[in-house]
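> I am attaching a structure below and will ask some questions about it afterwards.
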Amino acid sequence: MKIAVVGTGYVGLVSGACFAEMGVDVTCVDIDNEKIEGLKNGVIPIYEPGLKNIVLRNYEADRLHFTTDLPSVLNSMEIVFIAVGTPSDEQGNADLSYVFEVARTIGDHIDTPLLIVTKSTVPVGTSFRIREKVKERMRLRGAEDLDFDVASNPEFLKEGAAVEDFMSPDRVVVGVETERARNLMTRLYRPFLLNNFRVIFMDILSSEMTKYASNAMLATRISFMNDIANLCERLGADVNMVRRGMGSDSRIGKYFLYPGCGYGGSCFPKDIRAIIQAGEEAGYEMGVLKAVEEVNNRQKGILFDKFSRYFQGDIKGKTVGVWGLSFKPETDDMRDAPSLTLIRSLLKAGVNVRAYDPAAMKEARKYLQEDIYYATDIYDAANEADALIVPTEWKEFRLPNWNILKKIMRSHLVVDGRNIYNREDLASYGFDHQGIGQKD
Ligand code: UDX
């Protein structure tokens, strides 16, 4: 089977490499020549555990190819996946210009009955709009009689576990209209069936909606727990206990109930904005999701507030070590990261920032052009600091040498944005600990 995947971002590159790993002949396409040349030379543009090996292995086995020239490969494919970016525009709408550009290129060159599958997260109805764009261009060159299908196959992978998620997903959702499309997608996913998961076929609009609804539900759980955590703090309860108590009800489940300093990343913030906007356009107010977004924006300010309150507002000229910059561990992705809100507030208040992240230092410089010190390790970040603030729960932060930190820091506050430390433990080393959802 031969497929093309257009877009070599997270979704595109992981999907392309993993399909190749399952024996499919995959061509990854991108308009960015530097990226494509890099990939041919083994340079992986994103940090994602396990990805490099799979890309190298399949490239060497000649099952994975890279090109910038979609037209030249298009007609030898059975399926073309569209996996290009859909960033938010200023109103919160998903910007579909890259998606439609691919559709136009397909329309200009298609002369075999392809299946065009949308993998990017797109507003409900986009697959049909893609079909219209393709047809429009086919009409221009008098090729409108050619038959082709569209389908939707949203991707649910998590950054940091993308390869694993792709290889053994909980489910695969596929939206199709024709038997022919259904058969092709069944053939493509058959090798994965050995891993015992389900392919759920449905109509195209429902498939597109499933992606948004899933992300919206997960984001809702987080904002809900952050609200509960904030109330726990005020009432003297401990949210860690409450979370365990709640999560053991099988209707609720234990996953995705961790309070923290807010969700970030490439999906949740963008998708929540897009679905609120879609509601507005359809004349319906997404009341719950508006609150989810508002709670999350407020939650991102919580680390700064705790730090400032501890010093009774007297923070100008103080120094803070920030451990963790990426929006979550095991990635260098800085998009909508809570650390950005924190660091910008610190700088505005005249606080010196010494930041460290195991993977995102390079990426962080693109977002934080302001004057912060990029430290070489966790101890360098803590040097002469008045407080440590931890927005991201990287494993290497879990068991630091508190005795060294005690010596090198000026005062001894730890603001723990992900509840990775134990208050009594830290107290025994002479540190004050402030977590989320526990009484200060
Ligand atoms: C998410 C979805 O999980 C995935 O299915 C979808 O395809 C894309 O969006 P991702 O953004 O990679 O994946 O990260 P995820 O691990 O889901 O975390 C998202 C954010 O929520 C992070 O900022 C994380 O710190 C936060 N989070 C997660 C919490 O605050 N509490 C939790 O319990 C779980």
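By convention in this document, the chains of the structure tokens carry letters A, B, ... by their order, each chain's residues are numbered from 1, and ligands are numbered from 1 in the order they are shown.
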Enumerate as a list in words all residues of range 104-144 of chain A assigned to helix (DSSP H, G or I) by DSSP on the backbone, naming them with the chain letters and numbers the document uses.
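DSSP on the backbone gives helix (DSSP H, G or I) at Arg104, Thr105, Ile106, Gly107, Asp108, His109, Thr126, Ser127, Phe128, Arg129, Ile130, Arg131, Glu132, Lys133, Val134, Lys135, Glu136, Arg137, Met138, Arg139 and Leu140 of chain A.
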> Tell me which protein, DNA and RNA residues are within 9 Å of Phe431 in chain A, counting only C-alpha atoms, leaving out same-chain ones fewer than 6 positions away, and put them as a VMD selection string.
chain A and resid 402 406 411 to 414 423 425
> Include N, CA, C and O atoms and write out the residues we just selected as a PDB file, in the first residue's frame.

ATOM      1  N   TRP A 402      18.365  18.241  48.174  1.00  0.00           N
ATOM      2  CA  TRP A 402      17.841  19.402  48.898  1.00  0.00           C
ATOM      3  C   TRP A 402      18.911  20.043  49.781  1.00  0.00           C
ATOM      4  O   TRP A 402      18.844  21.241  50.075  1.00  0.00           O
ATOM      5  N   LYS A 406      19.595  23.878  49.717  1.00  0.00           N
ATOM      6  CA  LYS A 406      19.486  24.673  50.955  1.00  0.00           C
ATOM      7  C   LYS A 406      20.662  25.640  51.062  1.00  0.00           C
ATOM      8  O   LYS A 406      20.512  26.809  51.425  1.00  0.00           O
ATOM      9  N   SER A 411      16.642  32.193  50.095  1.00  0.00           N
ATOM     10  CA  SER A 411      15.570  31.787  50.998  1.00  0.00           C
ATOM     11  C   SER A 411      14.886  30.573  50.388  1.00  0.00           C
ATOM     12  O   SER A 411      15.180  30.216  49.237  1.00  0.00           O
ATOM     13  N   HIS A 412      13.998  29.948  51.158  1.00  0.00           N
ATOM     14  CA  HIS A 412      13.714  28.543  50.855  1.00  0.00           C
ATOM     15  C   HIS A 412      12.247  28.220  50.641  1.00  0.00           C
ATOM     16  O   HIS A 412      11.636  27.449  51.373  1.00  0.00           O
ATOM     17  N   LEU A 413      11.737  28.811  49.565  1.00  0.00           N
ATOM     18  CA  LEU A 413      10.345  28.536  49.184  1.00  0.00           C
ATOM     19  C   LEU A 413      10.340  27.680  47.920  1.00  0.00           C
ATOM     20  O   LEU A 413      11.088  27.949  46.973  1.00  0.00           O
ATOM     21  N   VAL A 414       9.481  26.674  47.895  1.00  0.00           N
ATOM     22  CA  VAL A 414       9.261  25.902  46.673  1.00  0.00           C
ATOM     23  C   VAL A 414       7.784  26.011  46.299  1.00  0.00           C
ATOM     24  O   VAL A 414       6.913  25.604  47.072  1.00  0.00           O
ATOM     25  N   ARG A 423       5.117  17.899  51.310  1.00  0.00           N
ATOM     26  CA  ARG A 423       5.389  19.042  52.179  1.00  0.00           C
ATOM     27  C   ARG A 423       6.259  18.683  53.388  1.00  0.00           C
ATOM     28  O   ARG A 423       7.209  19.399  53.721  1.00  0.00           O
ATOM     29  N   ASP A 425       8.346  16.208  53.787  1.00  0.00           N
ATOM     30  CA  ASP A 425       9.691  15.929  53.290  1.00  0.00           C
ATOM     31  C   ASP A 425      10.509  17.209  53.155  1.00  0.00           C
ATOM     32  O   ASP A 425      11.632  17.319  53.635  1.00  0.00           O
TER      33      ASP A 425
END
> Using only C-alpha atoms and all ligand atoms, find each residue in chain A having at least one atom no more than 7 Å away from ligand 1; report its shortest atom-to-atom pair and that distance in Å (one decimal), rows by chain then rising number, as CSV.

residue,atom,partner,partner_atom_place_in_ligand_line,distance
A:Glu155,CA,ligand 1,7 (O),5.6
A:Phe156,CA,ligand 1,7 (O),3.4
A:Leu157,CA,ligand 1,7 (O),4.3
A:Lys158,CA,ligand 1,12 (O),3.5
A:Glu159,CA,ligand 1,12 (O),3.6
A:Gly160,CA,ligand 1,12 (O),6.7
A:Asn215,CA,ligand 1,2 (C),6.0
A:Ala219,CA,ligand 1,21 (O),6.9
A:Ile222,CA,ligand 1,31 (N),5.2
A:Tyr255,CA,ligand 1,33 (O),6.4
A:Phe256,CA,ligand 1,33 (O),3.3
A:Leu257,CA,ligand 1,33 (O),4.2
A:Tyr258,CA,ligand 1,33 (O),3.4
A:Pro259,CA,ligand 1,31 (N),5.4
A:Gly260,CA,ligand 1,30 (O),5.0
A:Cys261,CA,ligand 1,30 (O),6.7
A:Gly262,CA,ligand 1,30 (O),5.4
A:Tyr263,CA,ligand 1,23 (O),3.5
A:Gly264,CA,ligand 1,23 (O),4.0
A:Gly265,CA,ligand 1,11 (O),4.8
A:Ser266,CA,ligand 1,11 (O),5.7
A:Cys267,CA,ligand 1,9 (O),4.5
A:Phe268,CA,ligand 1,9 (O),5.6
A:Phe327,CA,ligand 1,23 (O),4.9
A:Lys328,CA,ligand 1,25 (O),4.8
A:Ala337,CA,ligand 1,23 (O),6.9
> Take the residues that were just selected and, keeping N, CA, C and O atoms, output them as a short mmCIF file (atom, residue, chain, number, x, y, z; two decimals), in the first residue's frame.

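Contents of selection.cif, freshly written:
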data_model
loop_
_atom_site.label_atom_id
_atom_site.label_comp_id
_atom_site.auth_asym_id
_atom_site.auth_seq_id
_atom_site.Cartn_x
_atom_site.Cartn_y
_atom_site.Cartn_z
N GLU A 155 -6.57 12.47 14.92
CA GLU A 155 -5.45 11.88 15.64
C GLU A 155 -5.54 12.25 17.12
O GLU A 155 -5.76 13.40 17.45
N PHE A 156 -5.37 11.28 18.00
CA PHE A 156 -5.52 11.53 19.43
C PHE A 156 -4.19 11.44 20.17
O PHE A 156 -4.16 11.29 21.39
N LEU A 157 -3.06 11.48 19.46
CA LEU A 157 -1.79 11.26 20.13
C LEU A 157 -1.42 12.39 21.10
O LEU A 157 -1.79 13.54 20.89
N LYS A 158 -0.73 11.99 22.16
CA LYS A 158 -0.24 12.96 23.14
C LYS A 158 1.23 13.23 22.87
O LYS A 158 1.98 12.29 22.61
N GLU A 159 1.64 14.47 22.95
CA GLU A 159 3.06 14.77 22.79
C GLU A 159 3.83 14.08 23.92
O GLU A 159 3.34 14.00 25.04
N GLY A 160 5.01 13.60 23.59
CA GLY A 160 5.80 12.91 24.60
C GLY A 160 5.52 11.41 24.63
O GLY A 160 6.31 10.63 25.12
N ASN A 215 -11.17 16.33 23.19
CA ASN A 215 -10.25 17.30 23.79
C ASN A 215 -10.98 18.23 24.75
O ASN A 215 -10.46 18.59 25.81
N ALA A 219 -10.05 18.74 28.71
CA ALA A 219 -9.74 20.07 29.24
C ALA A 219 -10.73 20.43 30.35
O ALA A 219 -10.36 21.05 31.35
N ILE A 222 -9.69 18.96 33.60
CA ILE A 222 -8.57 19.68 34.23
C ILE A 222 -9.06 20.96 34.90
O ILE A 222 -8.75 21.23 36.06
N TYR A 255 -7.89 8.91 35.49
CA TYR A 255 -7.00 9.65 34.60
C TYR A 255 -7.43 11.10 34.42
O TYR A 255 -8.60 11.42 34.53
N PHE A 256 -6.44 11.93 34.14
CA PHE A 256 -6.73 13.33 33.80
C PHE A 256 -7.48 14.07 34.89
O PHE A 256 -8.37 14.85 34.62
N LEU A 257 -7.11 13.80 36.12
CA LEU A 257 -7.74 14.51 37.23
C LEU A 257 -6.69 15.28 38.02
O LEU A 257 -6.91 15.61 39.17
N TYR A 258 -5.53 15.54 37.41
CA TYR A 258 -4.45 16.18 38.17
C TYR A 258 -4.56 17.70 38.10
O TYR A 258 -4.46 18.28 37.02
N PRO A 259 -4.76 18.33 39.25
CA PRO A 259 -4.76 19.79 39.24
C PRO A 259 -3.34 20.29 39.01
O PRO A 259 -2.38 19.54 39.18
N GLY A 260 -3.19 21.52 38.61
CA GLY A 260 -1.85 22.04 38.36
C GLY A 260 -1.91 23.53 38.10
O GLY A 260 -2.78 24.23 38.63
N CYS A 261 -0.98 23.99 37.25
CA CYS A 261 -0.95 25.43 36.96
C CYS A 261 -1.54 25.68 35.57
O CYS A 261 -1.14 26.59 34.87
N GLY A 262 -2.48 24.85 35.16
CA GLY A 262 -3.21 25.09 33.91
C GLY A 262 -2.71 24.21 32.78
O GLY A 262 -1.57 23.78 32.78
N TYR A 263 -3.60 23.97 31.82
CA TYR A 263 -3.19 23.20 30.64
C TYR A 263 -2.64 24.13 29.57
O TYR A 263 -3.01 25.29 29.48
N GLY A 264 -1.70 23.59 28.77
CA GLY A 264 -1.15 24.35 27.64
C GLY A 264 -1.06 23.43 26.46
O GLY A 264 -1.79 22.45 26.36
N GLY A 265 -0.12 23.72 25.55
CA GLY A 265 0.12 22.80 24.44
C GLY A 265 -0.52 23.24 23.14
O GLY A 265 -1.13 24.31 23.05
N SER A 266 -0.38 22.37 22.16
CA SER A 266 -0.80 22.74 20.82
C SER A 266 -2.27 22.45 20.59
O SER A 266 -2.85 22.90 19.62
N CYS A 267 -2.89 21.68 21.48
CA CYS A 267 -4.25 21.23 21.19
C CYS A 267 -5.33 21.87 22.06
O CYS A 267 -6.23 22.53 21.54
N PHE A 268 -5.25 21.66 23.37
CA PHE A 268 -6.38 22.08 24.20
C PHE A 268 -6.73 23.55 24.05
O PHE A 268 -7.88 23.87 23.74
N PHE A 327 5.31 22.91 28.01
CA PHE A 327 3.95 22.88 28.61
C PHE A 327 3.70 21.59 29.38
O PHE A 327 2.78 21.50 30.18
N LYS A 328 4.52 20.56 29.10
CA LYS A 328 4.46 19.33 29.89
C LYS A 328 5.79 18.60 29.70
O LYS A 328 6.58 18.98 28.81
N ALA A 337 2.42 27.47 27.06
CA ALA A 337 2.93 26.87 28.30
C ALA A 337 2.67 27.80 29.50
O ALA A 337 2.88 29.01 29.40
#
> Using Å and a single decimal, report how far CA of Ala181 in chain A sits from CA of Gly142 in chain A.
24.3 Å
> As number ranges by chain, please: all residues of range 69-288 of chain A that backbone DSSP puts in strand (DSSP E).
A: 79-82, 115-118, 149-152, 171-175, 198-202
> With N, CA and C atoms kept, could you save the residues just selected as a PDB file, in the first residue's frame?

ATOM      1  N   ILE A  79      -3.850   6.656  -0.846  1.00  0.00           N
ATOM      2  CA  ILE A  79      -4.432   7.558   0.157  1.00  0.00           C
ATOM      3  C   ILE A  79      -3.487   8.750   0.353  1.00  0.00           C
ATOM      4  N   VAL A  80      -4.069   9.952   0.467  1.00  0.00           N
ATOM      5  CA  VAL A  80      -3.269  11.114   0.874  1.00  0.00           C
ATOM      6  C   VAL A  80      -3.846  11.651   2.175  1.00  0.00           C
ATOM      7  N   PHE A  81      -3.010  11.700   3.203  1.00  0.00           N
ATOM      8  CA  PHE A  81      -3.433  12.278   4.475  1.00  0.00           C
ATOM      9  C   PHE A  81      -3.074  13.754   4.495  1.00  0.00           C
ATOM     10  N   ILE A  82      -3.980  14.570   4.968  1.00  0.00           N
ATOM     11  CA  ILE A  82      -3.649  15.986   5.186  1.00  0.00           C
ATOM     12  C   ILE A  82      -3.398  16.162   6.684  1.00  0.00           C
ATOM     13  N   LEU A 115      -8.095   8.583  -2.150  1.00  0.00           N
ATOM     14  CA  LEU A 115      -8.850   8.851  -0.926  1.00  0.00           C
ATOM     15  C   LEU A 115      -8.104   9.960  -0.179  1.00  0.00           C
ATOM     16  N   ILE A 116      -8.796  11.074   0.048  1.00  0.00           N
ATOM     17  CA  ILE A 116      -8.157  12.213   0.738  1.00  0.00           C
ATOM     18  C   ILE A 116      -8.652  12.214   2.183  1.00  0.00           C
ATOM     19  N   VAL A 117      -7.725  12.016   3.110  1.00  0.00           N
ATOM     20  CA  VAL A 117      -8.113  11.857   4.516  1.00  0.00           C
ATOM     21  C   VAL A 117      -7.604  13.044   5.334  1.00  0.00           C
ATOM     22  N   THR A 118      -8.488  13.645   6.103  1.00  0.00           N
ATOM     23  CA  THR A 118      -8.068  14.753   6.965  1.00  0.00           C
ATOM     24  C   THR A 118      -7.635  14.200   8.316  1.00  0.00           C
ATOM     25  N   ASP A 149     -12.662  10.125  -3.075  1.00  0.00           N
ATOM     26  CA  ASP A 149     -13.370  10.132  -1.791  1.00  0.00           C
ATOM     27  C   ASP A 149     -12.656  11.032  -0.791  1.00  0.00           C
ATOM     28  N   VAL A 150     -13.433  11.513   0.170  1.00  0.00           N
ATOM     29  CA  VAL A 150     -12.798  12.164   1.323  1.00  0.00           C
ATOM     30  C   VAL A 150     -13.167  11.366   2.574  1.00  0.00           C
ATOM     31  N   ALA A 151     -12.322  11.486   3.589  1.00  0.00           N
ATOM     32  CA  ALA A 151     -12.595  10.810   4.865  1.00  0.00           C
ATOM     33  C   ALA A 151     -11.980  11.630   5.989  1.00  0.00           C
ATOM     34  N   SER A 152     -12.397  11.345   7.202  1.00  0.00           N
ATOM     35  CA  SER A 152     -11.825  12.027   8.372  1.00  0.00           C
ATOM     36  C   SER A 152     -11.267  10.968   9.323  1.00  0.00           C
ATOM     37  N   ARG A 171      -8.422   3.726  20.538  1.00  0.00           N
ATOM     38  CA  ARG A 171      -9.341   3.518  19.411  1.00  0.00           C
ATOM     39  C   ARG A 171      -8.874   4.364  18.234  1.00  0.00           C
ATOM     40  N   VAL A 172      -9.359   3.964  17.043  1.00  0.00           N
ATOM     41  CA  VAL A 172      -9.138   4.800  15.863  1.00  0.00           C
ATOM     42  C   VAL A 172     -10.517   5.194  15.357  1.00  0.00           C
ATOM     43  N   VAL A 173     -10.713   6.490  15.166  1.00  0.00           N
ATOM     44  CA  VAL A 173     -12.011   6.964  14.680  1.00  0.00           C
ATOM     45  C   VAL A 173     -11.873   7.295  13.196  1.00  0.00           C
ATOM     46  N   VAL A 174     -12.777   6.763  12.390  1.00  0.00           N
ATOM     47  CA  VAL A 174     -12.729   7.028  10.948  1.00  0.00           C
ATOM     48  C   VAL A 174     -14.117   7.440  10.457  1.00  0.00           C
ATOM     49  N   GLY A 175     -14.178   8.590   9.816  1.00  0.00           N
ATOM     50  CA  GLY A 175     -15.444   9.038   9.222  1.00  0.00           C
ATOM     51  C   GLY A 175     -15.384   8.840   7.716  1.00  0.00           C
ATOM     52  N   ARG A 198      -9.834  -0.930  18.638  1.00  0.00           N
ATOM     53  CA  ARG A 198     -11.001  -0.877  17.760  1.00  0.00           C
ATOM     54  C   ARG A 198     -10.899   0.250  16.750  1.00  0.00           C
ATOM     55  N   VAL A 199     -11.360  -0.023  15.542  1.00  0.00           N
ATOM     56  CA  VAL A 199     -11.567   1.059  14.578  1.00  0.00           C
ATOM     57  C   VAL A 199     -13.058   1.350  14.604  1.00  0.00           C
ATOM     58  N   ILE A 200     -13.406   2.590  14.919  1.00  0.00           N
ATOM     59  CA  ILE A 200     -14.818   2.944  14.990  1.00  0.00           C
ATOM     60  C   ILE A 200     -15.171   3.756  13.739  1.00  0.00           C
ATOM     61  N   PHE A 201     -15.975   3.160  12.877  1.00  0.00           N
ATOM     62  CA  PHE A 201     -16.403   3.874  11.670  1.00  0.00           C
ATOM     63  C   PHE A 201     -17.673   4.661  11.959  1.00  0.00           C
ATOM     64  N   MET A 202     -17.755   5.831  11.362  1.00  0.00           N
ATOM     65  CA  MET A 202     -18.957   6.665  11.515  1.00  0.00           C
ATOM     66  C   MET A 202     -19.023   7.626  10.328  1.00  0.00           C
TER      67      MET A 202
END
> So that I can check the surroundings of Lys348 in chain A, please list as a ChimeraX atom specification every protein, DNA and RNA residue that reaches within 12 Å of it, counting only C-alpha atoms and ignoring chain neighbours fewer than 4 positions away.
/A:304,315-317,341-344,352-353,370-372
> Restrict the selected residues to N, CA and C atoms and save them as a compact mmCIF listing (two decimals), in the first residue's frame.

# COMPACT_ATOMS: atom_id res chain seq x y z
N PHE A 304 2.58 32.61 40.20
CA PHE A 304 3.04 33.95 40.52
C PHE A 304 2.35 34.46 41.79
N ILE A 315 8.52 41.71 46.21
CA ILE A 315 9.26 40.77 45.36
C ILE A 315 10.23 41.44 44.39
N LYS A 316 10.13 42.75 44.26
CA LYS A 316 11.02 43.44 43.32
C LYS A 316 12.49 43.17 43.67
N GLY A 317 13.27 42.78 42.69
CA GLY A 317 14.70 42.52 42.94
C GLY A 317 14.98 41.11 43.44
N THR A 341 3.35 32.47 31.12
CA THR A 341 2.56 33.40 31.93
C THR A 341 3.33 33.75 33.19
N LEU A 342 3.89 32.72 33.83
CA LEU A 342 4.64 32.92 35.07
C LEU A 342 5.82 33.86 34.85
N ILE A 343 6.65 33.55 33.86
CA ILE A 343 7.89 34.30 33.68
C ILE A 343 7.59 35.75 33.28
N ARG A 344 6.58 35.93 32.44
CA ARG A 344 6.23 37.30 32.06
C ARG A 344 5.76 38.10 33.27
N ASN A 352 14.19 38.68 39.06
CA ASN A 352 15.18 38.05 38.18
C ASN A 352 14.82 36.58 37.97
N VAL A 353 14.92 36.13 36.73
CA VAL A 353 14.52 34.75 36.44
C VAL A 353 15.71 33.94 35.97
N GLU A 370 12.86 38.29 26.35
CA GLU A 370 13.22 39.18 27.46
C GLU A 370 14.48 38.67 28.15
N ASP A 371 14.89 39.49 29.11
CA ASP A 371 16.15 39.23 29.77
C ASP A 371 16.00 38.18 30.87
N ILE A 372 16.19 36.93 30.53
CA ILE A 372 16.23 35.92 31.60
C ILE A 372 17.52 35.12 31.46
> For Leu194 in chain A, which of A:Ala382, A:Met334, A:Glu285, A:Met22 is the closest residue, counting only C-alpha atoms?
A:Met22
> Using only C-alpha atoms, determine which residues lie at most 10 Å from Asp62 in chain A, disregarding the query and same-chain residues fewer than 6 positions distant; provide the list as a list in words.
Ala20, Asp25, Val26 and Leu56 of chain A
> Taking N, CA and C atoms for each residue, export the selection above as a PDB file, in the first residue's frame.

ATOM      1  N   ALA A  20       4.816   3.578   8.205  1.00  0.00           N
ATOM      2  CA  ALA A  20       5.948   2.916   7.535  1.00  0.00           C
ATOM      3  C   ALA A  20       6.440   1.738   8.371  1.00  0.00           C
ATOM      4  N   ASP A  25       4.181   1.804   2.445  1.00  0.00           N
ATOM      5  CA  ASP A  25       5.144   2.657   1.752  1.00  0.00           C
ATOM      6  C   ASP A  25       4.647   4.106   1.893  1.00  0.00           C
ATOM      7  N   VAL A  26       5.412   4.931   2.630  1.00  0.00           N
ATOM      8  CA  VAL A  26       4.924   6.263   2.998  1.00  0.00           C
ATOM      9  C   VAL A  26       5.823   7.363   2.421  1.00  0.00           C
ATOM     10  N   LEU A  56      14.631   6.850  11.122  1.00  0.00           N
ATOM     11  CA  LEU A  56      15.885   6.400  10.512  1.00  0.00           C
ATOM     12  C   LEU A  56      15.749   4.995   9.931  1.00  0.00           C
TER      13      LEU A  56
END
